[in-house]
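Shown here: protein_15.csv, CSV, C-alpha atoms and all ligand atoms.
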```
chain,number,residue,atom,x,y,z
R,1,MET,CA,-116.6,-20.3,-155.7
R,2,VAL,CA,-113.3,-22.1,-156.5
R,3,ASN,CA,-110.5,-20.7,-154.3
R,4,SER,CA,-108.1,-18.9,-156.7
R,5,VAL,CA,-105.1,-19.6,-154.4
R,6,VAL,CA,-103.3,-22.6,-155.9
R,7,ASN,CA,-102.4,-25.2,-153.3
R,8,PRO,CA,-98.7,-26.1,-153.5
R,9,PHE,CA,-99.8,-29.7,-153.4
R,10,LEU,CA,-100.9,-29.4,-157.0
R,11,SER,CA,-97.2,-29.0,-158.1
R,12,LEU,CA,-96.3,-32.2,-156.4
R,13,THR,CA,-97.6,-34.6,-159.1
R,14,ALA,CA,-95.9,-37.9,-159.9
R,15,PRO,CA,-93.2,-37.4,-162.6
R,16,GLY,CA,-94.9,-36.9,-166.1
R,17,VAL,CA,-98.4,-36.2,-164.8
R,18,ALA,CA,-98.3,-32.4,-164.8
R,19,GLY,CA,-97.3,-32.4,-168.5
R,20,LEU,CA,-100.0,-34.9,-169.6
R,21,LYS,CA,-102.6,-33.9,-172.1
R,22,PRO,CA,-105.8,-35.8,-171.7
R,23,TYR,CA,-107.0,-38.2,-174.4
R,24,GLU,CA,-109.2,-36.4,-176.9
R,25,PRO,CA,-112.3,-38.6,-177.5
R,26,GLY,CA,-114.6,-38.2,-180.5
R,27,LYS,CA,-117.3,-35.6,-179.9
R,28,PRO,CA,-120.5,-37.1,-178.6
R,29,ILE,CA,-123.6,-36.5,-180.7
R,30,GLU,CA,-125.3,-34.7,-177.8
R,31,THR,CA,-122.4,-32.3,-177.3
R,32,LEU,CA,-122.4,-31.4,-181.0
R,33,GLU,CA,-126.2,-30.8,-181.0
R,34,ARG,CA,-125.9,-28.7,-177.9
R,35,GLU,CA,-122.9,-26.6,-179.1
R,36,TYR,CA,-123.9,-26.1,-182.7
R,37,GLY,CA,-127.7,-26.2,-182.5
R,38,VAL,CA,-127.8,-28.9,-185.2
R,39,ARG,CA,-130.2,-31.8,-185.2
R,40,ASN,CA,-130.0,-35.4,-186.5
R,41,ALA,CA,-126.2,-35.4,-186.2
R,42,ILE,CA,-124.3,-38.5,-187.1
R,43,LYS,CA,-121.1,-39.7,-185.4
R,44,LEU,CA,-118.4,-41.5,-187.4
R,45,ALA,CA,-115.7,-40.6,-185.0
R,46,SER,CA,-114.9,-43.4,-182.6
R,47,ASN,CA,-114.9,-46.6,-184.7
R,48,GLU,CA,-118.0,-47.9,-183.1
R,49,ASN,CA,-120.2,-50.6,-184.8
R,50,PRO,CA,-123.0,-48.8,-186.7
R,51,LEU,CA,-125.2,-51.9,-186.2
R,52,GLY,CA,-124.9,-51.6,-182.5
R,53,PRO,CA,-124.5,-54.7,-180.3
R,54,SER,CA,-125.9,-58.2,-180.9
R,55,PRO,CA,-129.5,-58.6,-179.7
R,56,LEU,CA,-128.2,-61.4,-177.5
R,57,ALA,CA,-125.9,-58.9,-175.7
R,58,LEU,CA,-128.8,-56.6,-175.1
R,59,GLU,CA,-130.9,-59.4,-173.7
R,60,ALA,CA,-128.0,-60.4,-171.4
R,61,VAL,CA,-127.8,-56.8,-170.1
R,62,ILE,CA,-131.4,-56.8,-169.2
R,63,LYS,CA,-131.1,-60.1,-167.5
R,64,ALA,CA,-128.0,-58.9,-165.6
R,65,SER,CA,-129.8,-55.8,-164.4
R,66,ALA,CA,-131.8,-58.0,-162.0
R,67,LYS,CA,-128.5,-58.4,-160.0
R,68,LEU,CA,-127.2,-54.8,-160.0
R,69,ALA,CA,-127.2,-54.6,-156.2
R,70,LEU,CA,-124.5,-57.3,-156.1
R,71,TYR,CA,-120.8,-56.8,-156.8
R,72,PRO,CA,-119.7,-58.4,-160.0
R,73,ASP,CA,-117.7,-61.6,-160.0
R,74,GLY,CA,-114.3,-60.1,-159.5
R,75,ALA,CA,-112.6,-63.1,-161.0
R,76,GLY,CA,-114.7,-62.8,-164.2
R,77,PHE,CA,-115.0,-66.6,-164.2
R,78,ALA,CA,-117.7,-67.0,-166.8
R,79,LEU,CA,-116.4,-64.5,-169.3
R,80,LYS,CA,-112.8,-65.8,-169.0
R,81,ALA,CA,-114.1,-69.4,-169.6
R,82,ALA,CA,-116.0,-68.2,-172.6
R,83,LEU,CA,-113.0,-66.4,-174.0
R,84,GLY,CA,-110.8,-69.3,-173.3
R,85,ARG,CA,-113.1,-71.5,-175.4
R,86,HIS,CA,-113.4,-68.9,-178.1
R,87,LEU,CA,-109.7,-68.2,-178.4
R,88,GLY,CA,-108.3,-71.7,-177.6
R,89,VAL,CA,-106.4,-70.6,-174.5
R,90,GLN,CA,-106.7,-71.3,-170.8
R,91,PRO,CA,-108.8,-68.9,-168.7
R,92,GLU,CA,-105.6,-68.3,-166.6
R,93,GLN,CA,-104.2,-66.7,-169.8
R,94,VAL,CA,-106.9,-64.0,-169.8
R,95,VAL,CA,-107.1,-60.7,-167.9
R,96,LEU,CA,-110.3,-58.6,-168.3
R,97,GLY,CA,-110.2,-54.9,-168.5
R,98,ASN,CA,-112.5,-51.9,-168.3
R,99,GLY,CA,-112.0,-51.6,-172.1
R,100,SER,CA,-108.7,-52.9,-173.5
R,101,ASN,CA,-107.5,-49.4,-172.7
R,102,GLU,CA,-107.3,-50.5,-169.1
R,103,ILE,CA,-105.1,-53.4,-170.1
R,104,LEU,CA,-102.7,-51.0,-171.8
R,105,GLU,CA,-102.5,-49.0,-168.6
R,106,LEU,CA,-102.2,-52.0,-166.3
R,107,VAL,CA,-99.3,-53.5,-168.2
R,108,THR,CA,-97.5,-50.2,-168.1
R,109,ARG,CA,-98.1,-49.7,-164.4
R,110,THR,CA,-97.0,-53.3,-163.8
R,111,PHE,CA,-93.6,-53.2,-165.7
R,112,VAL,CA,-92.6,-49.6,-166.3
R,113,THR,CA,-90.8,-47.3,-163.9
R,114,PRO,CA,-89.5,-43.7,-164.5
R,115,ALA,CA,-86.1,-45.2,-165.3
R,116,ASP,CA,-87.5,-47.3,-168.2
R,117,GLU,CA,-88.3,-46.7,-171.8
R,118,VAL,CA,-91.3,-47.6,-174.0
R,119,VAL,CA,-91.1,-47.9,-177.8
R,120,PHE,CA,-94.0,-47.2,-180.2
R,121,SER,CA,-94.5,-45.8,-183.6
R,122,GLU,CA,-95.3,-42.3,-184.8
R,123,HIS,CA,-99.0,-42.0,-185.8
R,124,ALA,CA,-99.8,-44.9,-183.4
R,125,PHE,CA,-102.7,-45.1,-181.0
R,126,ALA,CA,-102.8,-42.0,-178.6
R,127,VAL,CA,-103.1,-44.1,-175.4
R,128,TYR,CA,-99.5,-45.4,-175.7
R,129,PRO,CA,-97.8,-42.0,-175.1
R,130,ILE,CA,-100.3,-41.2,-172.4
R,131,VAL,CA,-99.8,-44.4,-170.3
R,132,THR,CA,-96.0,-44.0,-170.8
R,133,GLN,CA,-95.9,-40.4,-169.6
R,134,ALA,CA,-98.3,-41.1,-166.7
R,135,VAL,CA,-95.8,-43.5,-165.1
R,136,GLY,CA,-93.0,-41.0,-165.7
R,137,ALA,CA,-91.2,-43.2,-168.2
R,138,THR,CA,-89.5,-42.2,-171.5
R,139,ALA,CA,-91.2,-42.7,-174.8
R,140,ARG,CA,-89.1,-43.7,-177.8
R,141,VAL,CA,-91.1,-42.9,-180.9
R,142,ALA,CA,-90.0,-44.6,-184.1
R,143,PRO,CA,-90.7,-42.7,-187.4
R,144,ALA,CA,-93.4,-44.3,-189.5
R,145,ARG,CA,-93.0,-45.9,-192.9
R,146,ASP,CA,-95.8,-45.0,-195.3
R,147,TYR,CA,-97.8,-44.0,-192.2
R,148,GLY,CA,-97.5,-47.6,-190.8
R,149,HIS,CA,-95.2,-49.0,-188.2
R,150,ASP,CA,-91.5,-49.3,-189.4
R,151,LEU,CA,-90.5,-52.4,-187.4
R,152,ASP,CA,-86.8,-51.9,-188.2
R,153,ALA,CA,-86.9,-48.4,-186.9
R,154,MET,CA,-88.8,-49.7,-183.8
R,155,ALA,CA,-86.3,-52.5,-183.2
R,156,GLY,CA,-83.5,-49.9,-183.5
R,157,LEU,CA,-84.9,-48.0,-180.5
R,158,VAL,CA,-84.8,-51.0,-178.2
R,159,ASN,CA,-82.1,-51.0,-175.6
R,160,GLU,CA,-81.4,-52.3,-172.1
R,161,ASN,CA,-83.8,-49.8,-170.6
R,162,THR,CA,-86.7,-50.8,-172.9
R,163,ARG,CA,-89.6,-52.6,-171.0
R,164,LEU,CA,-92.5,-52.4,-173.4
R,165,VAL,CA,-93.0,-52.1,-177.1
R,166,PHE,CA,-96.5,-51.2,-178.3
R,167,VAL,CA,-97.6,-52.6,-181.7
R,168,ALA,CA,-101.0,-51.8,-183.0
R,169,ASN,CA,-102.1,-54.3,-185.6
R,170,PRO,CA,-103.9,-52.9,-187.4
R,171,ASN,CA,-103.0,-49.4,-186.3
R,172,ASN,CA,-105.4,-46.7,-185.4
R,173,PRO,CA,-105.8,-44.0,-186.9
R,174,THR,CA,-103.9,-45.1,-190.1
R,175,GLY,CA,-105.6,-48.5,-190.7
R,176,THR,CA,-102.3,-50.0,-191.7
R,177,TYR,CA,-101.3,-53.5,-190.7
R,178,LEU,CA,-98.2,-55.6,-190.4
R,179,ALA,CA,-97.9,-58.9,-192.2
R,180,ARG,CA,-97.3,-62.2,-190.4
R,181,GLU,CA,-93.7,-62.9,-191.4
R,182,ALA,CA,-92.4,-59.4,-190.6
R,183,LEU,CA,-94.1,-59.2,-187.2
R,184,GLU,CA,-93.1,-62.7,-186.3
R,185,ALA,CA,-89.4,-61.8,-187.1
R,186,PHE,CA,-89.8,-58.6,-185.0
R,187,ILE,CA,-91.1,-60.4,-181.9
R,188,THR,CA,-88.5,-63.1,-182.3
R,189,SER,CA,-85.8,-60.5,-182.3
R,190,MET,CA,-86.9,-58.8,-179.1
R,191,PRO,CA,-84.6,-59.4,-176.1
R,192,SER,CA,-86.2,-61.3,-173.2
R,193,HIS,CA,-86.4,-58.2,-171.0
R,194,VAL,CA,-88.8,-56.6,-173.4
R,195,LEU,CA,-92.6,-57.2,-173.4
R,196,VAL,CA,-94.4,-56.8,-176.7
R,197,VAL,CA,-97.9,-55.5,-176.3
R,198,LEU,CA,-99.8,-56.4,-179.5
R,199,ASP,CA,-102.9,-54.3,-179.7
R,200,GLU,CA,-105.5,-56.1,-181.9
R,201,ALA,CA,-108.5,-53.9,-181.2
R,202,TYR,CA,-109.7,-54.4,-184.8
R,203,PHE,CA,-108.7,-58.0,-185.2
R,204,GLU,CA,-112.2,-59.3,-186.2
R,205,PHE,CA,-112.5,-56.9,-189.1
R,206,VAL,CA,-109.3,-57.9,-190.9
R,207,ASP,CA,-109.5,-60.4,-193.7
R,208,ALA,CA,-106.1,-59.9,-195.4
R,209,PRO,CA,-104.6,-63.5,-195.8
R,210,ASP,CA,-101.2,-62.5,-194.5
R,211,TYR,CA,-102.7,-60.8,-191.3
R,212,PRO,CA,-101.4,-62.7,-188.3
R,213,ASP,CA,-103.4,-63.9,-185.2
R,214,GLY,CA,-101.2,-62.8,-182.3
R,215,ILE,CA,-102.8,-65.4,-180.0
R,216,ALA,CA,-101.4,-68.2,-182.1
R,217,TRP,CA,-97.9,-67.0,-181.1
R,218,LEU,CA,-98.4,-67.1,-177.4
R,219,GLU,CA,-97.2,-70.7,-177.2
R,220,ARG,CA,-93.9,-69.6,-178.5
R,221,PHE,CA,-93.4,-66.2,-176.9
R,222,ASP,CA,-93.9,-65.6,-173.2
R,223,ASN,CA,-93.0,-61.9,-173.6
R,224,LEU,CA,-96.1,-61.2,-175.6
R,225,LEU,CA,-99.4,-59.7,-174.5
R,226,VAL,CA,-102.2,-59.6,-177.0
R,227,THR,CA,-105.1,-57.1,-176.3
R,228,ARG,CA,-108.6,-57.2,-177.9
R,229,THR,CA,-111.8,-55.4,-177.1
R,230,PHE,CA,-115.6,-55.7,-177.2
R,231,SER,CA,-115.8,-51.9,-178.1
R,232,LYS,CA,-115.3,-52.2,-181.8
R,233,ILE,CA,-116.8,-55.0,-183.9
R,234,TYR,CA,-118.9,-56.2,-180.9
R,235,GLY,CA,-120.6,-52.8,-180.6
R,236,LEU,CA,-120.2,-52.6,-176.8
R,237,ALA,CA,-118.1,-49.5,-176.4
R,238,GLY,CA,-120.4,-47.9,-173.9
R,239,LEU,CA,-120.1,-50.9,-171.5
R,240,ARG,CA,-116.3,-50.8,-171.4
R,241,VAL,CA,-114.9,-54.4,-171.7
R,242,GLY,CA,-111.7,-55.6,-173.2
R,243,TYR,CA,-109.1,-58.2,-172.4
R,244,GLY,CA,-105.4,-59.2,-172.6
R,245,VAL,CA,-104.1,-62.7,-173.3
R,246,GLY,CA,-100.6,-63.9,-172.4
R,247,HIS,CA,-98.6,-66.3,-170.3
R,248,PRO,CA,-100.4,-67.2,-167.1
R,249,LYS,CA,-97.5,-65.8,-165.0
R,250,LEU,CA,-97.7,-62.5,-166.9
R,251,ILE,CA,-101.4,-62.4,-166.5
R,252,SER,CA,-101.2,-63.1,-162.7
R,253,LEU,CA,-99.1,-60.0,-162.3
R,254,LEU,CA,-101.6,-57.8,-164.1
R,255,GLU,CA,-104.3,-59.4,-161.9
R,256,ARG,CA,-102.6,-58.1,-158.8
R,257,VAL,CA,-102.5,-54.5,-160.0
R,258,ARG,CA,-106.0,-54.2,-161.3
R,259,GLN,CA,-109.0,-53.0,-159.3
R,260,PRO,CA,-110.9,-55.9,-157.6
R,261,PHE,CA,-114.1,-55.2,-159.7
R,262,ASN,CA,-112.7,-53.5,-162.7
R,263,VAL,CA,-115.3,-54.9,-165.2
R,264,ASN,CA,-119.0,-54.5,-164.3
R,265,SER,CA,-121.5,-57.3,-164.3
R,266,ALA,CA,-123.6,-56.0,-167.3
R,267,ALA,CA,-120.5,-55.7,-169.4
R,268,MET,CA,-119.3,-59.2,-168.6
R,269,ALA,CA,-122.8,-60.7,-169.3
R,270,ALA,CA,-123.1,-58.7,-172.6
R,271,ALA,CA,-119.6,-59.7,-173.7
R,272,GLU,CA,-120.2,-63.4,-173.1
R,273,ALA,CA,-123.4,-63.3,-175.0
R,274,ALA,CA,-121.8,-61.3,-177.9
R,275,LEU,CA,-119.2,-64.0,-178.4
R,276,ALA,CA,-121.9,-66.5,-179.3
R,277,ASP,CA,-123.6,-64.4,-182.0
R,278,HIS,CA,-121.6,-65.4,-185.1
R,279,GLU,CA,-124.3,-64.1,-187.4
R,280,HIS,CA,-124.0,-60.5,-185.9
R,281,LEU,CA,-120.3,-60.7,-186.4
R,282,ARG,CA,-120.7,-61.8,-190.0
R,283,ARG,CA,-123.2,-59.0,-190.7
R,284,SER,CA,-120.9,-56.4,-189.1
R,285,ARG,CA,-118.0,-57.5,-191.3
R,286,ALA,CA,-120.1,-57.5,-194.4
R,287,LEU,CA,-121.5,-54.0,-193.7
R,288,ASN,CA,-118.0,-52.8,-193.1
R,289,ALA,CA,-116.6,-54.2,-196.3
R,290,SER,CA,-119.3,-52.7,-198.4
R,291,GLY,CA,-119.2,-49.4,-196.6
R,292,MET,CA,-115.4,-49.3,-197.0
R,293,ALA,CA,-115.8,-49.7,-200.8
R,294,GLN,CA,-118.5,-47.0,-200.8
R,295,LEU,CA,-116.4,-44.5,-198.9
R,296,VAL,CA,-113.2,-45.2,-200.9
R,297,ALA,CA,-115.0,-44.7,-204.2
R,298,GLY,CA,-116.6,-41.5,-202.9
R,299,ILE,CA,-113.4,-40.1,-201.6
R,300,GLU,CA,-111.6,-40.8,-204.9
R,301,ALA,CA,-114.5,-39.2,-206.8
R,302,LEU,CA,-113.7,-36.0,-204.8
R,303,GLY,CA,-110.1,-36.2,-206.0
R,304,LEU,CA,-108.9,-37.2,-202.5
R,305,HIS,CA,-107.3,-40.4,-201.2
R,306,ALA,CA,-107.4,-42.4,-198.0
R,307,LEU,CA,-104.7,-44.6,-196.6
R,308,PRO,CA,-105.4,-48.3,-197.4
R,309,SER,CA,-107.2,-49.6,-194.3
R,310,VAL,CA,-108.0,-53.0,-193.0
R,311,GLY,CA,-110.0,-51.6,-190.0
R,312,ASN,CA,-113.5,-50.1,-189.8
R,313,PHE,CA,-112.2,-46.6,-190.5
R,314,LEU,CA,-110.3,-44.6,-193.0
R,315,ALA,CA,-107.7,-41.9,-192.7
R,316,VAL,CA,-108.6,-39.4,-195.4
R,317,HIS,CA,-106.0,-37.0,-196.7
R,318,VAL,CA,-107.9,-33.8,-197.3
R,319,GLY,CA,-105.0,-32.1,-199.0
R,320,ARG,CA,-105.0,-29.0,-196.7
R,321,ASP,CA,-105.2,-28.2,-193.0
R,322,ALA,CA,-108.0,-30.5,-191.9
R,323,ALA,CA,-109.2,-28.4,-188.9
R,324,PRO,CA,-111.5,-26.1,-190.9
R,325,VAL,CA,-112.8,-29.1,-192.8
R,326,TYR,CA,-113.6,-30.8,-189.5
R,327,GLU,CA,-115.4,-27.7,-188.4
R,328,ALA,CA,-117.4,-27.4,-191.6
R,329,LEU,CA,-118.5,-31.1,-191.2
R,330,LEU,CA,-119.6,-30.4,-187.6
R,331,ARG,CA,-121.7,-27.5,-188.8
R,332,GLN,CA,-123.4,-30.0,-191.1
R,333,GLY,CA,-124.0,-32.4,-188.2
R,334,VAL,CA,-121.3,-34.9,-189.2
R,335,ILE,CA,-118.7,-35.8,-186.5
R,336,VAL,CA,-115.4,-37.3,-187.7
R,337,ARG,CA,-112.1,-37.4,-185.9
R,338,PRO,CA,-109.3,-34.8,-186.4
R,339,VAL,CA,-105.9,-36.5,-186.1
R,340,ALA,CA,-103.5,-33.5,-185.9
R,341,GLY,CA,-102.6,-34.8,-182.4
R,342,TYR,CA,-101.3,-37.9,-184.1
R,343,GLY,CA,-99.0,-35.9,-186.3
R,344,MET,CA,-101.5,-36.0,-189.2
R,345,PRO,CA,-102.8,-32.4,-189.6
R,346,GLU,CA,-104.0,-32.9,-193.1
R,347,PHE,CA,-106.0,-36.0,-192.4
R,348,LEU,CA,-109.5,-36.8,-190.9
R,349,ARG,CA,-110.4,-40.2,-189.6
R,350,VAL,CA,-113.8,-41.4,-190.5
R,351,THR,CA,-115.5,-44.5,-189.2
R,352,ILE,CA,-117.3,-46.7,-191.7
R,353,GLY,CA,-121.0,-46.3,-191.0
R,354,ARG,CA,-124.3,-47.5,-192.5
R,355,PRO,CA,-124.7,-46.7,-196.2
R,356,GLU,CA,-126.8,-43.6,-195.6
R,357,GLU,CA,-124.3,-42.3,-193.0
R,358,ASN,CA,-121.5,-42.8,-195.5
R,359,ALA,CA,-123.4,-41.0,-198.2
R,360,ARG,CA,-124.1,-38.1,-195.8
R,361,PHE,CA,-120.4,-37.9,-194.9
R,362,LEU,CA,-119.4,-37.8,-198.5
R,363,GLN,CA,-121.9,-35.1,-199.3
R,364,ALA,CA,-120.9,-33.0,-196.3
R,365,LEU,CA,-117.2,-33.4,-197.2
R,366,GLU,CA,-117.8,-32.2,-200.7
R,367,ALA,CA,-119.6,-29.2,-199.4
R,368,ALA,CA,-116.9,-28.5,-196.8
R,369,LEU,CA,-114.2,-28.6,-199.5
R,370,ASN,CA,-116.1,-26.3,-201.7
R,371,ASN,CA,-116.5,-23.4,-199.3
R,401,LIG,C1,-110.4,-48.3,-179.6
R,401,LIG,C2,-109.0,-48.8,-179.4
R,401,LIG,C3,-108.6,-49.5,-178.2
R,401,LIG,C4,-109.3,-49.6,-177.0
R,401,LIG,O1,-110.6,-49.5,-176.9
R,401,LIG,P1,-111.4,-49.9,-175.6
R,401,LIG,O2,-112.7,-49.3,-175.8
R,401,LIG,O3,-110.7,-49.3,-174.4
R,401,LIG,O4,-111.3,-51.4,-175.6
R,401,LIG,C5,-107.3,-49.9,-178.1
R,401,LIG,N1,-106.5,-49.8,-179.1
R,401,LIG,C6,-106.8,-49.3,-180.3
R,401,LIG,C7,-105.8,-49.2,-181.4
R,401,LIG,C8,-108.1,-48.7,-180.5
R,401,LIG,O5,-108.4,-48.1,-181.6
```
Would you mind writing the structure in this file as structure tokens?
Amino acid sequence: MVNSVVNPFLSLTAPGVAGLKPYEPGKPIETLEREYGVRNAIKLASNENPLGPSPLALEAVIKASAKLALYPDGAGFALKAALGRHLGVQPEQVVLGNGSNEILELVTRTFVTPADEVVFSEHAFAVYPIVTQAVGATARVAPARDYGHDLDAMAGLVNENTRLVFVANPNNPTGTYLAREALEAFITSMPSHVLVVLDEAYFEFVDAPDYPDGIAWLERFDNLLVTRTFSKIYGLAGLRVGYGVGHPKLISLLERVRQPFNVNSAAMAAAEAALADHEHLRRSRALNASGMAQLVAGIEALGLHALPSVGNFLAVHVGRDAAPVYEALLRQGVIVRPVAGYGMPEFLRVTIGRPEENARFLQALEAALNN
């Protein structure tokens, strides 16, 4: 039995923590099947790669399993070297994380105190408000423009107390992106006491010609941290591995704050192997492009529209409160992501799946809208 007397200790949290709401992840397939008694459910809710990881990554995991009794290389030497070659940077410019989520948290813990402010956009990734509040800092949320980041509004919120600005490019859950020129001007305009955290979790999916590569800017800006992940196009979300790239001095600060063995050995081995599989990346991109076209056409055929997206997901405007539509999809064994918590109560976010998954989503959506 849990003691019903509340220990006074519980009211003594660090500032911000008591009011935190936990991150709401996409519902796992097993949870849906257990709760709703449905079978053969599909999940298009967390922007995972429907092809799964590269076979090279799977092989690497099996090989790494022979050494599970040993601690991982806490310095991440091999993966940092591979990333350095892959990205054209020095290994000292790379910090590894337990997902790029950990890098977002690390950078906040490293630089932000309760007296400081953090700027990000309305409808931006849910982790930015969480990490800000967890350190007791003040969030300054800029209104969006056409659901995307309004860089002028964001710049207008920067003051002497600002320590971090989070920019998601492209943004999740909207799929919107910022073009090279506008973003470069924004970073250039930031005062030197502000660190820009450029979250490029979907970088590898984007083929818009004016989409910038944040890592190419690192030579010019030492107040820039670029984050990327193996969770999305590389299909390794379950292993938790991401990274941040920036000035070696910035990276060395993050290295002091992180746990000694924050990324496990299977994850590092898989990530390194995944980097070498260009064919898997090409197939993943091609599947995403055709699935995107399939979903956009199907959504329009239902008389709905989605925000134009350069990622592997779409924010679909269902034209009414999306909560009952989400529920109706769940009952049909289709998991998508409600985004009311992002200030978008009439939208559902759907991940681009395999053709048959996309078709099943469209069919279920049509049925959900008709009842
Ligand atoms: C998924 C996602 C991440 C982080 O994912 P990890 O699995 O922690 O690497 C970061 N930013 C955005 C915008 C995302 O959508």
Exercise. If I put a ball of radius 9 Å at (-119.9, -58.8, -174.6) in the file's coordinates, which residues poke into it when counting only C-alpha atoms, written as a ChimeraX atom specification?
Worked result: /R:53-54,57,60,79,230-231,234-236,239,241-242,266-275
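Residues in contact with stretch 183-185 of chain R at 9 Å, where all atoms listed in the file are counted and same-chain residues fewer than 4 positions away are skipped, are listed as Leu151, Leu178, Ala179, Ser189, Met190, Pro212 and Trp217 of chain R.
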Return as a Markdown table the residues of chain R lying at most 9 Å from ligand LIG 401 (chain R), together with the closest atom-to-atom pair for each and the distance in Å to one decimal, counting all atoms listed in the file, with rows in chain order and ascending residue number.
```
| residue | atom | partner | partner_atom | distance |
| --- | --- | --- | --- | --- |
| R:Ser46 | CA | R:LIG401 | C1 | 7.3 |
| R:Asn47 | CA | R:LIG401 | C1 | 7.0 |
| R:Glu48 | CA | R:LIG401 | C1 | 8.4 |
| R:Gly97 | CA | R:LIG401 | O4 | 8.0 |
| R:Asn98 | CA | R:LIG401 | O3 | 6.9 |
| R:Gly99 | CA | R:LIG401 | O3 | 3.5 |
| R:Ser100 | CA | R:LIG401 | O4 | 3.7 |
| R:Asn101 | CA | R:LIG401 | O3 | 3.6 |
| R:Glu102 | CA | R:LIG401 | O3 | 6.4 |
| R:Ile103 | CA | R:LIG401 | O3 | 8.2 |
| R:Leu104 | CA | R:LIG401 | C5 | 7.9 |
| R:Ala124 | CA | R:LIG401 | C7 | 7.6 |
| R:Phe125 | CA | R:LIG401 | C7 | 5.2 |
| R:Ala126 | CA | R:LIG401 | C7 | 8.3 |
| R:Val127 | CA | R:LIG401 | N1 | 7.6 |
| R:Tyr128 | CA | R:LIG401 | N1 | 8.9 |
| R:Val167 | CA | R:LIG401 | C7 | 8.9 |
| R:Ala168 | CA | R:LIG401 | C7 | 5.7 |
| R:Asn169 | CA | R:LIG401 | C7 | 7.6 |
| R:Pro170 | CA | R:LIG401 | C7 | 7.3 |
| R:Asn171 | CA | R:LIG401 | C7 | 5.6 |
| R:Asn172 | CA | R:LIG401 | C7 | 4.7 |
| R:Pro173 | CA | R:LIG401 | O5 | 7.2 |
| R:Asp199 | CA | R:LIG401 | N1 | 5.8 |
| R:Glu200 | CA | R:LIG401 | C7 | 6.9 |
| R:Ala201 | CA | R:LIG401 | C6 | 5.0 |
| R:Tyr202 | CA | R:LIG401 | O5 | 7.2 |
| R:Thr227 | CA | R:LIG401 | C5 | 7.7 |
| R:Arg228 | CA | R:LIG401 | O4 | 6.8 |
| R:Thr229 | CA | R:LIG401 | O4 | 4.3 |
| R:Phe230 | CA | R:LIG401 | O4 | 6.3 |
| R:Ser231 | CA | R:LIG401 | O2 | 4.7 |
| R:Lys232 | CA | R:LIG401 | C1 | 6.6 |
| R:Leu236 | CA | R:LIG401 | O2 | 8.3 |
| R:Ala237 | CA | R:LIG401 | O2 | 5.4 |
| R:Gly238 | CA | R:LIG401 | O2 | 8.1 |
| R:Leu239 | CA | R:LIG401 | O2 | 8.7 |
| R:Arg240 | CA | R:LIG401 | O2 | 5.9 |
| R:Val241 | CA | R:LIG401 | O4 | 6.1 |
| R:Gly242 | CA | R:LIG401 | O4 | 4.9 |
| R:Tyr243 | CA | R:LIG401 | O4 | 7.8 |
```
Please save C-alpha atoms of the selected residues as a compact mmCIF listing (two decimals), in the coordinates of the input.
```
# COMPACT_ATOMS: atom_id res chain seq x y z
CA SER R 46 -114.90 -43.40 -182.60
CA ASN R 47 -114.90 -46.60 -184.70
CA GLU R 48 -118.00 -47.90 -183.10
CA GLY R 97 -110.20 -54.90 -168.50
CA ASN R 98 -112.50 -51.90 -168.30
CA GLY R 99 -112.00 -51.60 -172.10
CA SER R 100 -108.70 -52.90 -173.50
CA ASN R 101 -107.50 -49.40 -172.70
CA GLU R 102 -107.30 -50.50 -169.10
CA ILE R 103 -105.10 -53.40 -170.10
CA LEU R 104 -102.70 -51.00 -171.80
CA ALA R 124 -99.80 -44.90 -183.40
CA PHE R 125 -102.70 -45.10 -181.00
CA ALA R 126 -102.80 -42.00 -178.60
CA VAL R 127 -103.10 -44.10 -175.40
CA TYR R 128 -99.50 -45.40 -175.70
CA VAL R 167 -97.60 -52.60 -181.70
CA ALA R 168 -101.00 -51.80 -183.00
CA ASN R 169 -102.10 -54.30 -185.60
CA PRO R 170 -103.90 -52.90 -187.40
CA ASN R 171 -103.00 -49.40 -186.30
CA ASN R 172 -105.40 -46.70 -185.40
CA PRO R 173 -105.80 -44.00 -186.90
CA ASP R 199 -102.90 -54.30 -179.70
CA GLU R 200 -105.50 -56.10 -181.90
CA ALA R 201 -108.50 -53.90 -181.20
CA TYR R 202 -109.70 -54.40 -184.80
CA THR R 227 -105.10 -57.10 -176.30
CA ARG R 228 -108.60 -57.20 -177.90
CA THR R 229 -111.80 -55.40 -177.10
CA PHE R 230 -115.60 -55.70 -177.20
CA SER R 231 -115.80 -51.90 -178.10
CA LYS R 232 -115.30 -52.20 -181.80
CA LEU R 236 -120.20 -52.60 -176.80
CA ALA R 237 -118.10 -49.50 -176.40
CA GLY R 238 -120.40 -47.90 -173.90
CA LEU R 239 -120.10 -50.90 -171.50
CA ARG R 240 -116.30 -50.80 -171.40
CA VAL R 241 -114.90 -54.40 -171.70
CA GLY R 242 -111.70 -55.60 -173.20
CA TYR R 243 -109.10 -58.20 -172.40
```
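Of note, atom CA of R:Phe186 and atom CA of R:Thr113 are spaced 24.0 Å apart.
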For this session: List every protein, DNA or RNA residue that has an atom no more than 9 Å from (-95.0, -42.6, -188.1) in the file's coordinate frame, counting only C-alpha atoms, and report them as a list in words.
Result: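 Final list of nearby residues, as requested, is Ser121, Glu122, His123, Ala124, Val141, Ala142, Pro143, Ala144, Arg145, Asp146, Tyr147, Gly148, His149, Asp150, Tyr342 and Gly343 of chain R.
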Exercise. Could you work out how far atom CA of R:Phe361 lies from atom CA of R:Met292, giving the answer in Å with one decimal?
Worked result: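 So the answer is 12.6 Å.
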Problem set entry | Who sits within 10 Å of R:Glu366, all atoms listed in the file, same chain under 6 positions skipped, as a list of chain:residue names | R:Gly298, R:Ile299, R:Ala301, R:Leu302, R:Val325, R:Leu329, R:Arg360
